[in-house]
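S.K.: One file: target13.tsv (TSV, C-alpha atoms).
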```tsv
chain	number	residue	atom	x	y	z
S	1	MET	CA	89.67	112.61	86.81
S	2	ASN	CA	90.97	115.16	84.38
S	3	TYR	CA	91.52	112.99	81.31
S	4	THR	CA	93.47	115.80	79.63
S	5	ILE	CA	96.41	114.74	81.81
S	6	LEU	CA	96.66	111.60	79.69
S	7	ASN	CA	97.45	113.57	76.50
S	8	THR	CA	100.79	112.54	75.08
S	9	GLU	CA	102.49	115.94	75.42
S	10	ILE	CA	101.41	116.24	79.08
S	11	GLN	CA	102.56	112.70	79.88
S	12	ASP	CA	105.89	113.48	78.24
S	13	PHE	CA	106.16	116.63	80.35
S	14	ILE	CA	105.41	114.68	83.54
S	15	ASN	CA	108.00	112.01	82.73
S	16	SER	CA	110.67	114.54	81.83
S	17	ASN	CA	110.15	116.39	85.13
S	18	LEU	CA	110.14	113.46	87.58
S	19	LYS	CA	113.44	114.65	89.07
S	20	THR	CA	112.58	118.35	88.99
S	21	ILE	CA	112.16	120.19	92.30
S	22	ILE	CA	108.38	120.47	92.64
S	23	THR	CA	108.33	123.91	94.26
S	24	LYS	CA	110.32	125.38	91.36
S	25	LEU	CA	108.06	123.68	88.85
S	26	ILE	CA	104.90	125.04	90.50
S	27	LEU	CA	106.28	128.60	90.41
S	28	LYS	CA	106.60	128.37	86.62
S	29	GLY	CA	102.91	127.57	86.21
S	30	SER	CA	101.27	125.17	83.78
S	31	PRO	CA	102.35	125.24	80.12
S	32	PHE	CA	99.07	123.55	79.13
S	33	LYS	CA	95.46	124.61	78.87
S	34	ASN	CA	92.85	122.73	80.91
S	35	VAL	CA	95.47	121.27	83.26
S	36	THR	CA	96.74	123.19	86.31
S	37	ILE	CA	100.31	123.01	87.52
S	38	GLN	CA	98.94	121.62	90.82
S	39	GLU	CA	97.41	118.67	88.94
S	40	ILE	CA	100.67	118.06	87.12
S	41	ALA	CA	102.65	118.31	90.36
S	42	GLU	CA	100.33	115.78	92.03
S	43	GLN	CA	100.95	113.31	89.21
S	44	ILE	CA	104.72	113.78	89.50
S	45	VAL	CA	104.82	113.40	93.28
S	46	SER	CA	102.60	110.31	93.28
S	47	LYS	CA	104.38	108.67	90.37
S	48	ASN	CA	107.74	109.15	92.07
S	49	LYS	CA	106.42	107.35	95.15
S	50	CYS	CA	105.57	104.38	92.92
S	51	GLU	CA	109.01	103.89	91.39
S	52	SER	CA	110.18	101.38	93.99
S	53	LYS	CA	106.88	100.59	95.73
S	54	LEU	CA	104.77	99.93	92.61
S	55	PRO	CA	107.15	99.38	89.67
S	56	THR	CA	104.43	97.79	87.52
S	57	TRP	CA	102.37	100.97	87.67
S	58	PHE	CA	105.43	103.21	87.34
S	59	SER	CA	106.65	101.46	84.19
S	60	ASN	CA	103.28	101.37	82.39
S	61	LYS	CA	102.12	104.17	80.13
S	62	ASN	CA	99.05	106.34	80.79
S	63	ILE	CA	98.69	105.38	84.42
S	64	TYR	CA	96.65	107.99	86.30
S	65	TYR	CA	97.82	108.65	89.85
S	66	PRO	CA	95.71	109.72	92.83
S	67	ASN	CA	97.05	111.99	95.57
S	68	LYS	CA	100.17	110.89	97.43
S	69	LEU	CA	98.20	109.84	100.54
S	70	ASN	CA	96.45	107.11	98.53
S	71	ILE	CA	99.85	105.89	97.33
S	72	GLU	CA	101.30	105.93	100.84
S	73	GLN	CA	98.37	103.93	102.22
S	74	THR	CA	98.33	101.25	99.53
S	75	SER	CA	100.12	97.90	99.70
S	76	SER	CA	103.45	97.56	97.98
S	77	GLU	CA	103.72	95.06	95.15
S	78	ILE	CA	105.83	92.81	97.38
S	79	THR	CA	103.20	92.58	100.11
S	80	ALA	CA	100.30	92.45	97.64
S	81	ASN	CA	101.87	89.49	95.86
S	82	TYR	CA	102.39	87.77	99.22
S	83	LYS	CA	98.70	88.21	100.09
S	84	ALA	CA	97.64	86.92	96.68
S	85	ASN	CA	99.38	83.63	97.42
S	86	LEU	CA	97.26	83.20	100.55
S	87	VAL	CA	93.98	83.06	98.60
S	88	SER	CA	92.58	80.99	95.76
S	89	GLY	CA	89.31	79.96	94.21
S	90	ASN	CA	86.71	81.42	91.91
S	91	SER	CA	85.82	84.73	93.57
S	92	ILE	CA	87.06	87.35	96.01
S	93	ILE	CA	85.67	90.74	96.96
S	94	ASP	CA	87.87	93.56	98.20
S	95	ILE	CA	85.46	95.70	100.24
S	96	THR	CA	88.02	98.49	100.84
S	97	GLY	CA	89.58	98.64	97.39
S	98	GLY	CA	91.71	101.80	97.52
S	99	PHE	CA	94.24	102.17	94.68
S	100	GLY	CA	93.62	98.55	93.69
S	101	VAL	CA	97.07	97.02	94.10
S	102	ASP	CA	95.84	94.10	96.22
S	103	ALA	CA	92.94	93.40	93.86
S	104	TYR	CA	95.34	93.43	90.89
S	105	TYR	CA	97.44	90.67	92.48
S	106	PHE	CA	94.37	88.74	93.66
S	107	SER	CA	93.29	88.65	90.00
S	108	GLN	CA	96.33	86.52	89.20
S	109	ASN	CA	95.19	83.73	91.57
S	110	VAL	CA	91.40	84.13	91.63
S	111	ASN	CA	89.09	83.98	88.62
S	112	HIS	CA	86.75	86.83	89.51
S	113	VAL	CA	87.68	89.85	91.63
S	114	THR	CA	85.32	92.58	92.81
S	115	HIS	CA	86.89	95.90	93.80
S	116	CYS	CA	84.71	98.18	95.95
S	117	GLU	CA	85.75	101.78	96.55
S	118	ILE	CA	83.46	104.39	98.11
S	119	ASN	CA	85.45	107.35	96.73
S	120	ASN	CA	84.09	108.05	93.24
S	121	GLN	CA	87.24	109.63	91.83
S	122	LEU	CA	89.52	106.91	93.16
S	123	SER	CA	87.23	104.20	91.80
S	124	GLU	CA	87.32	105.90	88.40
S	125	ILE	CA	91.12	106.10	88.50
S	126	VAL	CA	91.43	102.40	89.39
S	127	THR	CA	89.05	101.41	86.57
S	128	HIS	CA	91.13	103.38	84.07
S	129	ASN	CA	94.42	101.92	85.33
S	130	TYR	CA	93.20	98.33	85.10
S	131	LEU	CA	92.54	98.95	81.39
S	132	GLN	CA	96.13	100.16	80.96
S	133	LEU	CA	97.38	97.10	82.87
S	134	LYS	CA	95.23	94.86	80.64
S	135	VAL	CA	93.37	93.26	83.54
S	136	THR	CA	90.06	91.74	82.48
S	137	ASN	CA	88.81	89.79	85.52
S	138	ILE	CA	88.33	92.65	88.02
S	139	LYS	CA	84.96	94.36	88.37
S	140	THR	CA	85.19	97.84	89.91
S	141	ILE	CA	82.19	99.26	91.78
S	142	ASN	CA	81.89	102.72	93.31
S	143	ILE	CA	80.21	101.67	96.55
S	144	ASP	CA	80.77	101.00	100.25
S	145	GLY	CA	81.84	97.35	100.29
S	146	LEU	CA	79.81	96.51	103.40
S	147	GLN	CA	76.73	98.05	101.83
S	148	LEU	CA	77.17	95.90	98.73
S	149	LEU	CA	77.37	92.77	100.90
S	150	LYS	CA	74.12	93.77	102.63
S	151	GLU	CA	72.32	94.37	99.35
S	152	ASP	CA	73.71	91.50	97.25
S	153	ASN	CA	73.14	87.75	97.63
S	154	THR	CA	76.46	86.71	96.06
S	155	ILE	CA	78.57	84.20	97.98
S	156	TYR	CA	82.34	84.64	97.64
S	157	ASP	CA	85.24	82.29	98.20
S	158	TRP	CA	87.07	85.10	100.00
S	159	ILE	CA	86.40	88.54	101.45
S	160	TYR	CA	89.37	90.89	101.79
S	161	THR	CA	89.45	94.11	103.79
S	162	ASP	CA	92.01	96.71	104.76
S	163	PRO	CA	90.21	98.78	107.41
S	164	SER	CA	91.53	102.25	108.14
S	165	ARG	CA	91.86	103.89	111.51
S	166	ARG	CA	89.25	106.48	112.39
S	167	ASN	CA	90.65	109.99	112.75
S	168	ASP	CA	89.54	110.12	116.38
S	169	ALA	CA	91.50	107.01	117.39
S	170	LYS	CA	94.10	108.32	119.80
S	171	GLY	CA	97.54	107.03	120.70
S	172	LYS	CA	99.59	104.22	119.25
S	173	VAL	CA	97.43	101.42	120.64
S	174	PHE	CA	94.14	100.91	118.91
S	175	LEU	CA	91.53	98.21	118.33
S	176	LEU	CA	90.04	96.86	115.14
S	177	GLY	CA	86.76	98.24	116.40
S	178	ASP	CA	88.36	101.70	116.09
S	179	CYS	CA	88.65	101.21	112.32
S	180	LEU	CA	86.39	101.67	109.32
S	181	PRO	CA	84.86	99.35	108.43
S	182	ASP	CA	84.33	97.90	111.91
S	183	ILE	CA	85.22	94.28	111.17
S	184	PRO	CA	84.59	92.70	114.62
S	185	ASN	CA	81.01	94.02	114.72
S	186	ASN	CA	80.30	92.95	111.13
S	187	LEU	CA	81.67	89.40	111.25
S	188	THR	CA	78.19	87.87	111.19
S	189	LEU	CA	77.46	89.69	107.93
S	190	LEU	CA	80.84	88.78	106.43
S	191	PHE	CA	80.56	85.09	107.32
S	192	SER	CA	77.10	84.99	105.76
S	193	LYS	CA	78.81	85.79	102.42
S	194	THR	CA	81.97	83.68	102.68
S	195	ASN	CA	83.83	81.05	104.68
S	196	ASN	CA	87.19	82.82	104.38
S	197	ILE	CA	88.21	86.35	105.35
S	198	LEU	CA	91.59	88.03	104.96
S	199	VAL	CA	92.12	91.16	107.07
S	200	LYS	CA	95.08	93.49	106.60
S	201	THR	CA	95.97	95.83	109.46
S	202	SER	CA	98.59	98.36	110.45
S	203	PRO	CA	101.79	96.88	111.93
S	204	ILE	CA	101.25	98.81	115.17
S	205	LEU	CA	98.11	96.81	116.00
S	206	ASP	CA	98.54	94.47	118.96
S	207	ILE	CA	98.25	90.88	117.71
S	208	THR	CA	96.71	89.48	120.88
S	209	SER	CA	94.06	92.19	121.10
S	210	ALA	CA	93.14	91.62	117.43
S	211	ILE	CA	92.79	87.86	117.97
S	212	ASN	CA	90.56	88.54	120.97
S	213	GLU	CA	88.37	90.90	118.94
S	214	LEU	CA	87.98	88.54	116.00
S	215	LYS	CA	86.46	85.08	115.63
S	216	PHE	CA	87.77	81.91	114.01
S	217	VAL	CA	91.33	83.19	113.46
S	218	LYS	CA	93.29	80.51	111.65
S	219	GLU	CA	96.57	82.26	110.77
S	220	VAL	CA	98.39	85.48	111.53
S	221	HIS	CA	101.04	86.66	109.08
S	222	VAL	CA	103.61	89.29	110.07
S	223	VAL	CA	105.13	90.75	106.90
S	224	ALA	CA	108.32	92.82	106.92
S	225	ILE	CA	110.46	94.33	104.17
S	226	ASP	CA	114.12	95.06	104.89
S	227	ASN	CA	113.50	94.46	108.59
S	228	GLU	CA	110.56	96.89	108.84
S	229	VAL	CA	107.16	95.39	109.59
S	230	LYS	CA	104.70	96.60	106.96
S	231	GLU	CA	101.52	94.58	107.50
S	232	LEU	CA	99.73	92.22	109.83
S	233	LEU	CA	97.42	89.75	108.08
S	234	PHE	CA	94.68	87.76	109.78
S	235	ILE	CA	93.10	84.77	108.04
S	236	LEU	CA	89.68	83.85	109.42
S	237	GLU	CA	87.93	80.60	108.53
S	238	LYS	CA	84.30	80.08	109.48
S	239	ASN	CA	83.94	77.83	112.55
S	240	TYR	CA	87.72	77.31	112.84
S	241	THR	CA	88.66	76.32	116.42
S	242	GLN	CA	92.10	74.72	116.05
S	243	PRO	CA	95.42	76.30	117.15
S	244	ILE	CA	96.39	79.56	115.45
S	245	SER	CA	99.51	79.57	113.29
S	246	ILE	CA	101.81	82.60	113.46
S	247	LYS	CA	103.85	83.00	110.28
S	248	THR	CA	106.57	85.61	109.90
S	249	ILE	CA	108.44	86.68	106.80
S	250	ASN	CA	111.08	89.32	106.19
S	251	PHE	CA	111.76	90.17	102.55
S	252	ASN	CA	115.26	91.46	101.86
S	253	ARG	CA	117.69	91.60	98.97
S	254	ASN	CA	119.52	88.37	99.67
S	255	SER	CA	116.80	86.05	100.98
S	256	ASN	CA	113.31	85.81	102.43
S	257	GLN	CA	113.56	84.90	106.09
S	258	GLN	CA	110.62	82.83	107.34
S	259	PHE	CA	109.72	81.50	110.75
S	260	SER	CA	106.48	79.98	112.08
S	261	PHE	CA	105.10	78.86	115.42
S	262	ILE	CA	101.83	78.16	117.20
S	263	TYR	CA	100.18	81.08	118.95
S	264	GLY	CA	100.11	80.69	122.73
S	265	ALA	CA	102.45	77.69	122.78
S	266	ASN	CA	104.91	77.93	125.65
S	267	GLY	CA	108.45	77.40	124.48
S	268	ASN	CA	111.13	76.04	126.80
S	269	PRO	CA	114.30	77.92	125.91
S	270	THR	CA	117.66	77.22	127.47
S	271	TYR	CA	119.94	79.99	128.70
S	272	SER	CA	123.66	80.57	128.51
S	273	VAL	CA	126.38	83.16	128.72
S	274	ALA	CA	127.57	84.37	125.31
S	275	LYS	CA	129.26	81.70	123.19
S	276	ASN	CA	130.90	82.16	119.78
S	277	TYR	CA	127.97	83.65	117.85
S	278	ILE	CA	125.17	86.05	118.66
S	279	TYR	CA	121.83	86.41	116.84
S	280	GLU	CA	119.22	89.16	116.71
S	281	PRO	CA	115.78	88.18	115.33
S	282	ASN	CA	114.32	90.20	112.47
S	283	SER	CA	111.50	92.64	113.17
S	284	SER	CA	108.70	90.31	112.06
S	285	ILE	CA	109.70	87.73	114.71
S	286	LEU	CA	110.02	90.40	117.38
S	287	LYS	CA	106.58	91.76	116.49
S	288	ALA	CA	105.10	88.25	116.57
S	289	GLY	CA	106.58	87.58	120.00
S	290	GLY	CA	108.23	84.29	119.07
S	291	PHE	CA	111.05	84.79	121.55
S	292	SER	CA	111.02	81.39	123.23
S	293	GLN	CA	109.86	79.41	120.20
S	294	ILE	CA	112.79	80.43	118.01
S	295	ALA	CA	115.31	79.37	120.66
S	296	GLU	CA	113.60	76.02	121.04
S	297	GLN	CA	113.13	75.31	117.32
S	298	LEU	CA	116.69	76.27	116.34
S	299	THR	CA	118.28	74.70	119.45
S	300	ILE	CA	120.12	77.83	120.50
S	301	ASP	CA	120.37	79.58	123.87
S	302	LYS	CA	118.94	82.87	125.04
S	303	LEU	CA	121.20	85.28	126.88
S	304	HIS	CA	118.44	86.32	129.29
S	305	PRO	CA	114.63	85.93	129.48
S	306	ASN	CA	114.19	89.61	128.58
S	307	SER	CA	117.12	90.22	126.23
S	308	HIS	CA	115.83	88.48	123.07
S	309	LEU	CA	119.37	87.82	121.93
S	310	TYR	CA	120.53	84.29	121.16
S	311	THR	CA	123.87	82.50	121.14
S	312	SER	CA	125.51	79.29	119.91
S	313	ASP	CA	128.91	77.61	119.60
S	314	GLN	CA	128.46	76.84	115.91
S	315	GLN	CA	127.07	79.27	113.35
S	316	ILE	CA	123.52	78.52	112.16
S	317	ASP	CA	121.23	79.91	109.47
S	318	PHE	CA	119.20	82.42	111.47
S	319	PRO	CA	116.20	84.58	110.42
S	320	GLY	CA	117.75	87.88	111.43
S	321	ARG	CA	121.17	89.36	111.93
S	322	SER	CA	124.13	87.10	112.79
S	323	PHE	CA	127.40	88.13	114.42
S	324	LYS	CA	130.74	86.60	115.43
S	325	ILE	CA	131.61	87.53	118.99
S	326	GLU	CA	135.14	88.92	119.20
S	327	ASN	CA	135.07	89.94	122.84
S	328	CYS	CA	132.71	89.87	125.80
S	329	ILE	CA	133.37	92.36	128.57
S	330	PRO	CA	131.56	93.80	131.57
S	331	TYR	CA	130.09	97.28	131.21
S	332	ASP	CA	133.28	99.27	131.69
S	333	LYS	CA	133.64	102.53	129.74
S	334	LYS	CA	137.43	102.76	130.10
S	335	LEU	CA	138.00	99.20	128.95
S	336	LEU	CA	135.61	99.70	126.05
S	337	LYS	CA	137.48	102.78	124.82
S	338	LYS	CA	140.72	100.77	124.75
S	339	LEU	CA	139.10	97.99	122.70
S	340	ILE	CA	137.57	100.39	120.16
S	341	PRO	CA	140.52	102.50	118.98
S	342	THR	CA	138.63	103.84	115.95
S	343	LYS	CA	136.05	105.47	118.27
S	344	LYS	CA	133.36	104.23	115.90
S	345	ALA	CA	130.86	101.42	116.38
S	346	ASN	CA	127.30	100.36	115.64
S	347	ILE	CA	125.46	100.14	118.96
S	348	THR	CA	122.38	98.10	119.88
S	349	THR	CA	120.81	97.83	123.33
S	350	ARG	CA	118.71	94.90	124.49
S	351	ASN	CA	117.46	94.73	128.09
S	352	PHE	CA	119.90	97.44	129.13
S	353	PRO	CA	119.25	100.40	131.49
S	354	GLU	CA	120.76	103.05	129.19
S	355	THR	CA	119.78	104.21	125.71
S	356	VAL	CA	122.08	104.26	122.68
S	357	GLU	CA	122.22	108.04	122.91
S	358	GLN	CA	123.27	107.93	126.57
S	359	ILE	CA	125.93	105.33	125.82
S	360	ARG	CA	127.38	107.40	122.97
S	361	LYS	CA	127.47	110.48	125.18
S	362	LYS	CA	129.30	108.61	127.98
S	363	THR	CA	131.75	106.72	125.76
S	364	GLY	CA	132.31	109.22	122.97
S	365	LEU	CA	131.74	106.50	120.38
S	366	LYS	CA	130.38	107.71	117.05
S	367	ASP	CA	128.10	105.77	114.75
S	368	GLY	CA	129.61	103.67	111.97
S	369	GLY	CA	132.57	101.43	111.39
S	370	ASP	CA	132.80	97.64	111.13
S	371	GLN	CA	132.32	96.75	114.78
S	372	TYR	CA	128.95	96.06	116.36
S	373	LEU	CA	128.37	96.45	120.07
S	374	PHE	CA	125.50	94.83	121.95
S	375	PHE	CA	124.83	96.31	125.36
S	376	THR	CA	122.72	93.79	127.24
S	377	THR	CA	122.13	91.85	130.45
S	378	ASP	CA	123.36	88.27	130.69
S	379	ILE	CA	121.80	85.27	132.41
S	380	ASN	CA	123.59	86.19	135.65
S	381	ASN	CA	122.03	89.69	135.50
S	382	ASN	CA	125.39	91.30	134.75
S	383	LEU	CA	125.54	94.30	132.41
S	384	THR	CA	127.57	93.08	129.46
S	385	ILE	CA	129.04	94.40	126.20
S	386	LEU	CA	129.43	92.04	123.27
S	387	ILE	CA	131.95	93.25	120.70
S	388	CYS	CA	131.10	91.64	117.38
S	389	SER	CA	131.70	91.54	113.65
S	390	LYS	CA	128.66	91.18	111.40
S	391	LEU	CA	128.21	87.98	109.38
S	392	LYS	CA	124.95	88.87	107.57
```
Represent the structure of the file as structure tokens.

M.R.:
Amino acid sequence: MNYTILNTEIQDFINSNLKTIITKLILKGSPFKNVTIQEIAEQIVSKNKCESKLPTWFSNKNIYYPNKLNIEQTSSEITANYKANLVSGNSIIDITGGFGVDAYYFSQNVNHVTHCEINNQLSEIVTHNYLQLKVTNIKTINIDGLQLLKEDNTIYDWIYTDPSRRNDAKGKVFLLGDCLPDIPNNLTLLFSKTNNILVKTSPILDITSAINELKFVKEVHVVAIDNEVKELLFILEKNYTQPISIKTINFNRNSNQQFSFIYGANGNPTYSVAKNYIYEPNSSILKAGGFSQIAEQLTIDKLHPNSHLYTSDQQIDFPGRSFKIENCIPYDKKLLKKLIPTKKANITTRNFPETVEQIRKKTGLKDGGDQYLFFTTDINNNLTILICSKLK
């Protein structure tokens, strides 16, 4: 850390240049001794990334920011607060501390929090920021969290970890064993120090493969913000052997959509042609794979086993997007053009042989407008277009 950055005149300069084009600012050079323009630019870029993601940090004075990669990799305040409500007790250790957002929120529900961060500079930054945030029940240690567990005899109520992918992990599909720390191969150590483990992973991780790699999984939480999955959370409880609960949540401006089901339970959905309303599950449900369970629990019909669109005669409160069906037609480009005189529509494909781009090219429809088109396959295996108006 370069503590000179915290001088009042430099902080004022940073705050007054948050909207300045960084490249132009760098060309002017630093107006201060002992602080480079690159250091100032890094503070500006990182602070800007925190405005919506970490408003508590953004709005507090004398916060010191790490590089933008650390900010991009950290939890948002929304997801950190959600995780904090999953734990309780006297003590928790975060063995992959990072920028310390999760530990900050854990400190509001747990009496004693230990934050481990192997990077010396980042650990120093987090320690400084906790002082500015007036947090008194977090102990920061510059150490590899697994190493501390090996060396220390302390028993914790919870262990939390956010393992990162190794640089040599290739492709979009990866295993927890491809991450650092390697949680599956260190579970014996972890369960010798606690009965409860909370693991955060990337949203691209396959849920089934993670459950197979881990032991004693009790709950899986799929967390989305504005219909984008941000985190997968796995709660492990020592010696737990009961059914696994899958819990999904989508945070948005108007409401928090939640849906839960039992992992591996076979739902028995019913099927129907399109009725009066059509529903598209939010991304957290789609990621969790609760396709049959949501139809069964909400007593609505699926359009097709592979379409993952749902329909009903009466409108229901649905955890996703809801639409009123105005027309249902076979896949006929000429007929479609007649029914969409504005030549504008929002297009979604579900279980359909053509992409949105191909459809737009063939039909000449541009993006936008108030009408929503679902190109899908119905229960009779007919290619179908649902012309809809959005309800929510």

S.K.: Record the distance separating CA of Pro181 in chain S and CA of Ser164 in chain S, expressed in Å with one decimal.

M.R.: 7.3 Å

S.K.: In terms of the shortest atom-to-atom distance over all atoms listed in the file, which of S:Glu219, S:Asp226, S:Glu213, S:Asp102 is closest to Thr161 in chain S?

M.R.: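 Looking only at the distances to Thr161 in chain S, the closest residue turns out to be S:Asp102.
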
S.K.: Which of these, S:Phe374, S:Tyr160, S:Tyr331, S:Phe32, has the shortest distance to Gly145 in chain S once you count only C-alpha atoms?

M.R.: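 Ranked by minimum distance to Gly145 in chain S, first place goes to S:Tyr160.
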
S.K.: Within 9 Å of Asp370 in chain S, counting only C-alpha atoms, which residues show up once you throw out same-chain ones fewer than 3 positions away? Write them as number ranges by chain, please.

M.R.: S: 344-346, 388-390

S.K.: Find the residues around Ile78 in chain S up to 10 Å (all atoms listed in the file counted), leave out those fewer than 2 positions away in its own chain, and share them as a short mmCIF file (atom, residue, chain, number, x, y, z; two decimals) with C-alpha atoms, keeping the file's coordinate frame.

M.R.:
```cif
data_model
loop_
_atom_site.label_atom_id
_atom_site.label_comp_id
_atom_site.auth_asym_id
_atom_site.auth_seq_id
_atom_site.Cartn_x
_atom_site.Cartn_y
_atom_site.Cartn_z
CA LYS S 53 106.88 100.59 95.73
CA LEU S 54 104.77 99.93 92.61
CA SER S 75 100.12 97.90 99.70
CA SER S 76 103.45 97.56 97.98
CA ALA S 80 100.30 92.45 97.64
CA ASN S 81 101.87 89.49 95.86
CA TYR S 82 102.39 87.77 99.22
CA LYS S 83 98.70 88.21 100.09
CA TYR S 105 97.44 90.67 92.48
CA VAL S 223 105.13 90.75 106.90
CA ALA S 224 108.32 92.82 106.92
CA ILE S 225 110.46 94.33 104.17
CA PHE S 251 111.76 90.17 102.55
#
```

S.K.: Using all atoms listed in the file, which residues sit within 12 Å of Leu131 in chain S once same-chain residues fewer than 4 positions away are excluded, as a VMD selection string?

M.R.: chain S and resid 57 60 to 64 104 124 to 127 135 to 140

S.K.: From the list S:Gln314, S:Arg321, S:Tyr279, S:Ile207, which residue is nearest Ile246 in chain S when using only C-alpha atoms?

M.R.: S:Ile207

S.K.: Mind giving me the straight-line distance from CA of Lys238 in chain S to CA of Ile183 in chain S in Å, one decimal?

M.R.: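 These atoms are spaced 14.3 Å apart.
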
S.K.: Just how far from CA of Phe216 in chain S is CA of Gln242 in chain S, in Å to one decimal?

M.R.: 8.6 Å

S.K.: Have a look at S:Asn239, S:Asn282, S:Ser30, S:Thr349 and name the one nearest to Leu383 in chain S; count only C-alpha atoms.

M.R.: S:Thr349

S.K.: Compile the contact shell of Lys47 in chain S as a PyMOL selection string: residues with an atom at most 12 Å away, counting only C-alpha atoms, same-chain residues fewer than 6 positions apart removed.

M.R.: chain S and resi 11+14-15+17-19+40-41+53-72

S.K.: Which residues are close to range 90-96 of chain S, i.e. within 7 Å by only C-alpha atoms, leaving aside same-chain residues fewer than 4 positions away? Reply as a list in words.

M.R.: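 Listing them by chain and then by number gives Ala103, Val110, Asn111, His112, Val113, Thr114, His115, Cys116, Glu117, Gly145, Leu146, Tyr156, Asp157, Trp158, Ile159, Tyr160, Thr161, Asp162 and Pro163 of chain S.
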
S.K.: Writing N, CA and C atoms and nothing else, produce range 305-323 of chain S as a CSV table (one decimal), in the first residue's frame.

M.R.:
```
chain,number,residue,atom,x,y,z
S,305,PRO,N,-41.5,-31.6,-23.2
S,305,PRO,CA,-40.5,-32.0,-22.3
S,305,PRO,C,-39.1,-31.2,-22.4
S,306,ASN,N,-38.8,-30.7,-23.6
S,306,ASN,CA,-37.5,-30.0,-23.8
S,306,ASN,C,-37.6,-28.5,-24.0
S,307,SER,N,-38.8,-28.0,-23.8
S,307,SER,CA,-39.0,-26.5,-24.1
S,307,SER,C,-38.8,-25.7,-22.9
S,308,HIS,N,-39.1,-26.1,-21.7
S,308,HIS,CA,-39.0,-25.4,-20.5
S,308,HIS,C,-39.7,-24.1,-20.5
S,309,LEU,N,-40.9,-24.1,-21.2
S,309,LEU,CA,-41.9,-23.1,-21.1
S,309,LEU,C,-43.1,-23.6,-20.6
S,310,TYR,N,-43.9,-22.8,-19.8
S,310,TYR,CA,-45.0,-23.3,-19.1
S,310,TYR,C,-46.3,-22.5,-19.4
S,311,THR,N,-47.5,-23.1,-19.2
S,311,THR,CA,-48.7,-22.4,-19.6
S,311,THR,C,-49.8,-22.7,-18.7
S,312,SER,N,-50.8,-21.7,-18.6
S,312,SER,CA,-51.9,-21.9,-17.7
S,312,SER,C,-53.1,-21.1,-18.3
S,313,ASP,N,-54.3,-21.5,-17.8
S,313,ASP,CA,-55.5,-20.7,-18.2
S,313,ASP,C,-55.6,-19.4,-17.4
S,314,GLN,N,-55.3,-19.5,-16.1
S,314,GLN,CA,-55.3,-18.3,-15.2
S,314,GLN,C,-53.9,-17.9,-14.9
S,315,GLN,N,-53.8,-16.6,-14.8
S,315,GLN,CA,-52.4,-16.0,-14.4
S,315,GLN,C,-52.0,-16.4,-13.0
S,316,ILE,N,-50.8,-16.8,-12.8
S,316,ILE,CA,-50.3,-17.1,-11.5
S,316,ILE,C,-49.0,-16.2,-11.2
S,317,ASP,N,-48.6,-16.2,-9.9
S,317,ASP,CA,-47.4,-15.5,-9.6
S,317,ASP,C,-46.2,-16.5,-9.9
S,318,PHE,N,-45.4,-16.2,-10.8
S,318,PHE,CA,-44.4,-17.1,-11.3
S,318,PHE,C,-43.0,-16.5,-11.1
S,319,PRO,N,-42.0,-17.3,-10.7
S,319,PRO,CA,-40.7,-16.9,-10.5
S,319,PRO,C,-39.9,-16.8,-11.8
S,320,GLY,N,-40.2,-15.8,-12.6
S,320,GLY,CA,-39.6,-15.6,-13.9
S,320,GLY,C,-40.4,-14.6,-14.7
S,321,ARG,N,-40.4,-14.7,-16.0
S,321,ARG,CA,-41.1,-13.8,-16.8
S,321,ARG,C,-42.5,-14.3,-17.2
S,322,SER,N,-43.5,-13.5,-17.2
S,322,SER,CA,-44.9,-13.9,-17.4
S,322,SER,C,-45.5,-13.1,-18.6
S,323,PHE,N,-46.2,-13.8,-19.5
S,323,PHE,CA,-46.7,-13.2,-20.7
S,323,PHE,C,-48.2,-13.6,-20.9
```
